Amino acid sequence: MSIKPAVPCLLLLAGPAVAADPLPDAIAAPGESIELSVHAEGAQVYECKAGTDGKLAWAFREPIATLLAEGKTIGRHYAGPNWEHADGSAVAAKAAGNAPGTTAADIPWLKLEVTAHRGSGVLTPVTTVQRINTHGGKLDGACDKAGDFKSAPYSADYVFLKKG
């Protein structure tokens, strides 16, 4: 009886899949390496507001999502945008690039530059966050009453990168 290497099993333990194809240039982070990759499930929250033309329309307000690894909750994502890990580390970031989602209903893929760190843990060395593999989250159409809120369910993978 021969024993075969368990390479396929190791691949399953690697965590969420990162896009197999090269990422669009607008969100690529050359020279950076993956510190953590997680899956997020949540909602994009919108508020009914008057636009520059005076007409009411849904305006993005904030994300609310649970960060998951191997099916377990390991953190949260919320307005700022901010990401908090269960180990107490957290980052805030600002958008630095975007690429269209796969379908018209999907929010864009993003590259975000980290602007602040809190606590100490897995997110401490992170310099860039990528939002990829988005599904859902867009909300279109007119709204009737200023101040109303509506949420659109979404999922995405967040890849936390560090220099080097």
# chains A, B, ... in the order shown; residues from 1 in each chain; ligands from 1
>>> residues_around(residues="segment 101-118 of chain A", least_positions_apart="2", cutoff="6 Å", atoms="only C-alpha atoms", output="list in words")
Ile27, Ser89, Ala90, Val91, Ala92, Ala93, Lys94, Ala95, Ala96, Gly97, Asn98, Ala99, Thr127, Thr128, Val129, Gln130, Arg131, Ile132, Thr134, His135, Gly136, Gly137 and Lys138 of chain A
>>> write_last_selection(atoms="N, CA and C atoms", output="tab-separated table (two decimals), in the first residue's frame")
chain	number	residue	atom	x	y	z
A	27	ILE	N	-6.97	47.76	-9.53
A	27	ILE	CA	-7.01	47.30	-8.13
A	27	ILE	C	-5.84	46.39	-7.78
A	89	SER	N	-7.19	43.69	16.35
A	89	SER	CA	-6.58	44.57	15.36
A	89	SER	C	-7.65	45.09	14.40
A	90	ALA	N	-7.42	46.30	13.86
A	90	ALA	CA	-8.39	46.91	12.96
A	90	ALA	C	-7.67	47.88	12.04
A	91	VAL	N	-8.28	48.10	10.86
A	91	VAL	CA	-7.77	49.09	9.91
A	91	VAL	C	-8.93	49.90	9.35
A	92	ALA	N	-8.60	51.14	8.98
A	92	ALA	CA	-9.51	52.00	8.23
A	92	ALA	C	-8.81	52.28	6.91
A	93	ALA	N	-9.58	52.54	5.86
A	93	ALA	CA	-8.96	52.74	4.55
A	93	ALA	C	-9.78	53.70	3.70
A	94	LYS	N	-9.16	54.13	2.59
A	94	LYS	CA	-9.86	54.98	1.61
A	94	LYS	C	-9.68	54.36	0.23
A	95	ALA	N	-10.69	54.55	-0.61
A	95	ALA	CA	-10.66	53.97	-1.96
A	95	ALA	C	-9.51	54.57	-2.77
A	96	ALA	N	-8.81	53.69	-3.51
A	96	ALA	CA	-7.68	54.11	-4.34
A	96	ALA	C	-7.84	53.64	-5.78
A	97	GLY	N	-8.80	52.75	-6.03
A	97	GLY	CA	-9.04	52.25	-7.38
A	97	GLY	C	-10.26	51.37	-7.38
A	98	ASN	N	-10.88	51.22	-8.57
A	98	ASN	CA	-12.04	50.33	-8.66
A	98	ASN	C	-12.14	49.73	-10.06
A	99	ALA	N	-12.84	48.62	-10.10
A	99	ALA	CA	-13.10	47.92	-11.36
A	99	ALA	C	-14.54	47.42	-11.28
A	127	THR	N	-1.37	47.16	4.59
A	127	THR	CA	-1.24	48.46	3.93
A	127	THR	C	-2.31	48.67	2.85
A	128	THR	N	-2.87	47.58	2.32
A	128	THR	CA	-3.85	47.64	1.25
A	128	THR	C	-4.94	46.60	1.50
A	129	VAL	N	-6.19	46.96	1.14
A	129	VAL	CA	-7.31	46.02	1.20
A	129	VAL	C	-7.91	45.97	-0.20
A	130	GLN	N	-8.14	44.75	-0.69
A	130	GLN	CA	-8.84	44.58	-1.97
A	130	GLN	C	-10.19	43.94	-1.70
A	131	ARG	N	-11.23	44.48	-2.37
A	131	ARG	CA	-12.56	43.85	-2.34
A	131	ARG	C	-12.75	43.23	-3.71
A	132	ILE	N	-12.86	41.91	-3.76
A	132	ILE	CA	-13.00	41.20	-5.03
A	132	ILE	C	-14.16	40.21	-4.95
A	134	THR	N	-17.22	40.28	-5.86
A	134	THR	CA	-18.45	40.83	-5.29
A	134	THR	C	-19.68	40.18	-5.93
A	135	HIS	N	-20.73	40.09	-5.14
A	135	HIS	CA	-22.00	39.56	-5.62
A	135	HIS	C	-23.11	40.39	-4.97
A	136	GLY	N	-23.88	41.09	-5.78
A	136	GLY	CA	-24.99	41.91	-5.26
A	136	GLY	C	-24.50	43.23	-4.69
A	137	GLY	N	-25.35	43.86	-3.89
A	137	GLY	CA	-25.00	45.08	-3.20
A	137	GLY	C	-25.43	46.38	-3.86
A	138	LYS	N	-25.79	46.33	-5.15
A	138	LYS	CA	-26.21	47.57	-5.83
A	138	LYS	C	-27.70	47.80	-5.60
>>> select_by_dssp(residues="segment 91-153 of chain A", states="strand (DSSP E)", output="number ranges by chain")
A: 91-99, 109-118, 128-136, 149-153
>>> write_last_selection(atoms="N, CA, C and O atoms", output="CSV table (one decimal), in the first residue's frame")
chain,number,residue,atom,x,y,z
A,91,VAL,N,-8.3,48.1,10.9
A,91,VAL,CA,-7.8,49.1,9.9
A,91,VAL,C,-8.9,49.9,9.3
A,91,VAL,O,-10.1,49.4,9.3
A,92,ALA,N,-8.6,51.1,9.0
A,92,ALA,CA,-9.5,52.0,8.2
A,92,ALA,C,-8.8,52.3,6.9
A,92,ALA,O,-7.6,52.2,6.8
A,93,ALA,N,-9.6,52.5,5.9
A,93,ALA,CA,-9.0,52.7,4.5
A,93,ALA,C,-9.8,53.7,3.7
A,93,ALA,O,-10.9,54.0,4.0
A,94,LYS,N,-9.2,54.1,2.6
A,94,LYS,CA,-9.9,55.0,1.6
A,94,LYS,C,-9.7,54.4,0.2
A,94,LYS,O,-8.7,53.7,-0.1
A,95,ALA,N,-10.7,54.6,-0.6
A,95,ALA,CA,-10.7,54.0,-2.0
A,95,ALA,C,-9.5,54.6,-2.8
A,95,ALA,O,-9.3,55.8,-2.7
A,96,ALA,N,-8.8,53.7,-3.5
A,96,ALA,CA,-7.7,54.1,-4.3
A,96,ALA,C,-7.8,53.6,-5.8
A,96,ALA,O,-7.1,54.1,-6.6
A,97,GLY,N,-8.8,52.8,-6.0
A,97,GLY,CA,-9.0,52.3,-7.4
A,97,GLY,C,-10.3,51.4,-7.4
A,97,GLY,O,-10.7,50.8,-6.3
A,98,ASN,N,-10.9,51.2,-8.6
A,98,ASN,CA,-12.0,50.3,-8.7
A,98,ASN,C,-12.1,49.7,-10.1
A,98,ASN,O,-11.6,50.3,-11.0
A,99,ALA,N,-12.8,48.6,-10.1
A,99,ALA,CA,-13.1,47.9,-11.4
A,99,ALA,C,-14.5,47.4,-11.3
A,99,ALA,O,-15.0,47.1,-10.2
A,109,TRP,N,-15.4,46.1,-7.7
A,109,TRP,CA,-14.2,45.6,-7.0
A,109,TRP,C,-13.4,46.8,-6.6
A,109,TRP,O,-13.3,47.8,-7.4
A,110,LEU,N,-12.7,46.8,-5.4
A,110,LEU,CA,-12.0,48.0,-5.0
A,110,LEU,C,-10.6,47.7,-4.5
A,110,LEU,O,-10.3,46.6,-4.1
A,111,LYS,N,-9.7,48.7,-4.6
A,111,LYS,CA,-8.4,48.7,-4.0
A,111,LYS,C,-8.5,49.9,-3.0
A,111,LYS,O,-8.9,51.0,-3.4
A,112,LEU,N,-8.2,49.6,-1.7
A,112,LEU,CA,-8.3,50.6,-0.7
A,112,LEU,C,-6.9,50.7,0.0
A,112,LEU,O,-6.3,49.7,0.3
A,113,GLU,N,-6.5,52.0,0.2
A,113,GLU,CA,-5.2,52.2,0.9
A,113,GLU,C,-5.5,52.4,2.4
A,113,GLU,O,-6.4,53.2,2.8
A,114,VAL,N,-4.8,51.7,3.3
A,114,VAL,CA,-5.0,51.8,4.7
A,114,VAL,C,-4.6,53.1,5.2
A,114,VAL,O,-3.5,53.6,4.8
A,115,THR,N,-5.4,53.8,5.9
A,115,THR,CA,-5.1,55.1,6.5
A,115,THR,C,-4.9,55.2,8.0
A,115,THR,O,-4.4,56.1,8.5
A,116,ALA,N,-5.3,54.1,8.7
A,116,ALA,CA,-5.2,54.0,10.1
A,116,ALA,C,-5.2,52.6,10.6
A,116,ALA,O,-5.9,51.7,10.0
A,117,HIS,N,-4.5,52.3,11.7
A,117,HIS,CA,-4.4,51.0,12.3
A,117,HIS,C,-4.8,51.2,13.8
A,117,HIS,O,-4.5,52.2,14.4
A,118,ARG,N,-5.5,50.2,14.4
A,118,ARG,CA,-5.8,50.2,15.8
A,118,ARG,C,-5.5,48.8,16.3
A,118,ARG,O,-5.7,47.8,15.6
A,128,THR,N,-2.9,47.6,2.3
A,128,THR,CA,-3.9,47.6,1.3
A,128,THR,C,-4.9,46.6,1.5
A,128,THR,O,-4.7,45.5,2.0
A,129,VAL,N,-6.2,47.0,1.1
A,129,VAL,CA,-7.3,46.0,1.2
A,129,VAL,C,-7.9,46.0,-0.2
A,129,VAL,O,-8.1,47.0,-0.8
A,130,GLN,N,-8.1,44.8,-0.7
A,130,GLN,CA,-8.8,44.6,-2.0
A,130,GLN,C,-10.2,43.9,-1.7
A,130,GLN,O,-10.3,43.0,-0.9
A,131,ARG,N,-11.2,44.5,-2.4
A,131,ARG,CA,-12.6,43.9,-2.3
A,131,ARG,C,-12.8,43.2,-3.7
A,131,ARG,O,-12.8,44.0,-4.7
A,132,ILE,N,-12.9,41.9,-3.8
A,132,ILE,CA,-13.0,41.2,-5.0
A,132,ILE,C,-14.2,40.2,-5.0
A,132,ILE,O,-14.7,40.0,-3.9
A,133,ASN,N,-14.5,39.6,-6.1
A,133,ASN,CA,-15.5,38.6,-6.2
A,133,ASN,C,-16.8,39.0,-5.5
A,133,ASN,O,-17.5,38.3,-4.8
A,134,THR,N,-17.2,40.3,-5.9
A,134,THR,CA,-18.5,40.8,-5.3
A,134,THR,C,-19.7,40.2,-5.9
A,134,THR,O,-19.7,39.8,-7.1
A,135,HIS,N,-20.7,40.1,-5.1
A,135,HIS,CA,-22.0,39.6,-5.6
A,135,HIS,C,-23.1,40.4,-5.0
A,135,HIS,O,-23.2,40.4,-3.7
A,136,GLY,N,-23.9,41.1,-5.8
A,136,GLY,CA,-25.0,41.9,-5.3
A,136,GLY,C,-24.5,43.2,-4.7
A,136,GLY,O,-23.4,43.7,-5.0
A,149,PHE,N,-34.2,54.5,4.5
A,149,PHE,CA,-33.1,53.7,4.3
A,149,PHE,C,-33.5,52.4,3.7
A,149,PHE,O,-34.6,51.9,3.9
A,150,LYS,N,-32.6,51.8,2.9
A,150,LYS,CA,-32.8,50.5,2.3
A,150,LYS,C,-31.5,49.8,2.2
A,150,LYS,O,-30.5,50.4,1.9
A,151,SER,N,-31.5,48.5,2.3
A,151,SER,CA,-30.2,47.8,2.2
A,151,SER,C,-30.3,46.7,1.1
A,151,SER,O,-31.4,46.2,0.8
A,152,ALA,N,-29.1,46.5,0.5
A,152,ALA,CA,-29.0,45.5,-0.6
A,152,ALA,C,-28.0,44.4,-0.1
A,152,ALA,O,-26.8,44.8,0.1
A,153,PRO,N,-28.4,43.2,0.0
A,153,PRO,CA,-27.5,42.1,0.4
A,153,PRO,C,-26.3,42.0,-0.5
A,153,PRO,O,-26.5,42.2,-1.8
>>> select_by_dssp(residues="segment 12-121 of chain A", states="helix (DSSP H, G or I)", output="PDB file with C-alpha atoms, in the first residue's frame")
ATOM      1  CA  LEU A  12      -8.811  23.292   0.890  1.00  0.00           C
ATOM      2  CA  ASP A  25      -4.746  46.941 -13.095  1.00  0.00           C
ATOM      3  CA  ALA A  26      -6.893  49.500 -11.232  1.00  0.00           C
ATOM      4  CA  ILE A  27      -7.013  47.296  -8.132  1.00  0.00           C
TER       5      ILE A  27
END
>>> closest_residue(among="A:Thr52, A:Thr124, A:Asn82, A:Thr66", to="Lys163 of chain A", atoms="only C-alpha atoms")
A:Thr124
>>> residues_around(residues="Lys145 of chain A", least_positions_apart="5", cutoff="12 Å", atoms="only C-alpha atoms", output="PyMOL selection string")
chain A and resi 47-50+55-58+150
>>> closest_residue(among="A:Asp140, A:Asp87, A:Asp157, A:Glu35", to="Phe60 of chain A", atoms="only C-alpha atoms")
A:Asp140
>>> closest_residue(among="A:Leu68, A:Leu23, A:Ala28, A:Ala156", to="Ala43 of chain A", atoms="only C-alpha atoms")
A:Ala156
>>> atom_distance(atom1="atom CA of Ala69 of chain A", atom2="atom CA of Leu139 of chain A")
27.1 Å
>>> closest_residue(among="A:Gly75, A:Gly51, A:Pro24, A:Gly80", to="Ala142 of chain A", atoms="only C-alpha atoms")
A:Gly51
